[in-house]
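Report on the following structure.
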Amino acid sequence: MKGETYESSTPCPPSTAPDALRNWTPDQKKLLESSSIGQRLLTAETNQQQKWSQKYDTILSKEEKAMFSKDQFFWAMEAVHSRAFKGSFGLLKNNNGDDGISLKAIGSIAPPILAAIVGSKALLNPSTNPNDDKIAIGCGIIATLPLLFNTIFSNDEKDNSSAVMLPLIDSANHMEKADSVIEFDPLKDIFTLSVGSKCLVKEKTENGNEKTQLYVSYGGKKDTELLLNYGFLNDFVVGSEKTGKSANEADDTVRDRVRRYLAEEFVRRNP
């Protein structure tokens, strides 16, 4: 939203991915036609728009369509495609895709809970009760069962991943080698972001000062997906030295320069 107030009767909020391919002009898209991969990317973008349009026309009820326009629906689809994180986040879904505890989730939370039980038992009865050892061994065996089941049945389970929107976390730029980890904490009912040393990169600002930028990894993504849904390329930054202004400014001239540099680099990588 970029801080803007939004109501359903107003036009769309600012694009979450202003340089994603769907926002390019026909002249800008033509720059990709000299590459066969670029041509396939343009076809993929056309198919994506057709699918989004079909979703709006066929899935939404008449009441829902009255709440927001097709352009607003496209804005929301763009936000999901450019901002959502996909992964297995613990207790969010069970194996059927319904709300509930999944086998993998049980495997992740059972060992620490059972370890606490064992520790509490040991503190309450420190080596005076011969049954303690039996309880500890029994709890240890039980604690390993979910992990064993995970190993045995992991290949048979359906895809148990979920897509989540994480404001603030999603504002960090992408770097594939960044050692970031996003996890769901079922006990606190929150998402957490853990970052390693590869996530923090020292960079020079335009006035010569030094700053540290936080990067996260969106996962392994090809340039085709990045250009289609995000509007950038791996390890390629279009700075103000090329555009004459900050690449983040919503200026048509700047946007045109950024997209032309992106197109040139994409074609160079994919002749």
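Chain lettering (A, B, ...) mirrors the order of the structure tokens, residue numbering begins at 1 for each chain separately, and ligand numbering begins at 1 in order of display.
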
Selection: 7 Å around region 184-200 of chain A, only C-alpha atoms, excl. self and same-chain fewer than 5 positions, as a ChimeraX atom specification
/A:89-91,178-179,212-216

Those residues with C-alpha atoms, as a CSV table (one decimal), in the first residue's frame please?
```
chain,number,residue,atom,x,y,z
A,89,PHE,CA,5.0,-23.5,7.8
A,90,GLY,CA,4.2,-26.0,10.5
A,91,LEU,CA,0.7,-26.0,11.9
A,178,ALA,CA,21.1,-14.8,1.5
A,179,ASP,CA,20.9,-17.3,4.4
A,212,THR,CA,23.9,-2.0,5.6
A,213,GLN,CA,21.0,-3.4,3.6
A,214,LEU,CA,19.0,-6.5,4.7
A,215,TYR,CA,18.4,-9.1,2.0
A,216,VAL,CA,16.3,-12.2,2.2
```

Nearest candidate to Lys222 (chain A) (options A:Asn234, A:Thr58, A:Gln28, A:Asn270; using only C-alpha atoms)
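Of A:Asn234, A:Thr58, A:Gln28, A:Asn270, the one nearest Lys222 (chain A), counting only C-alpha atoms, is A:Asn234.
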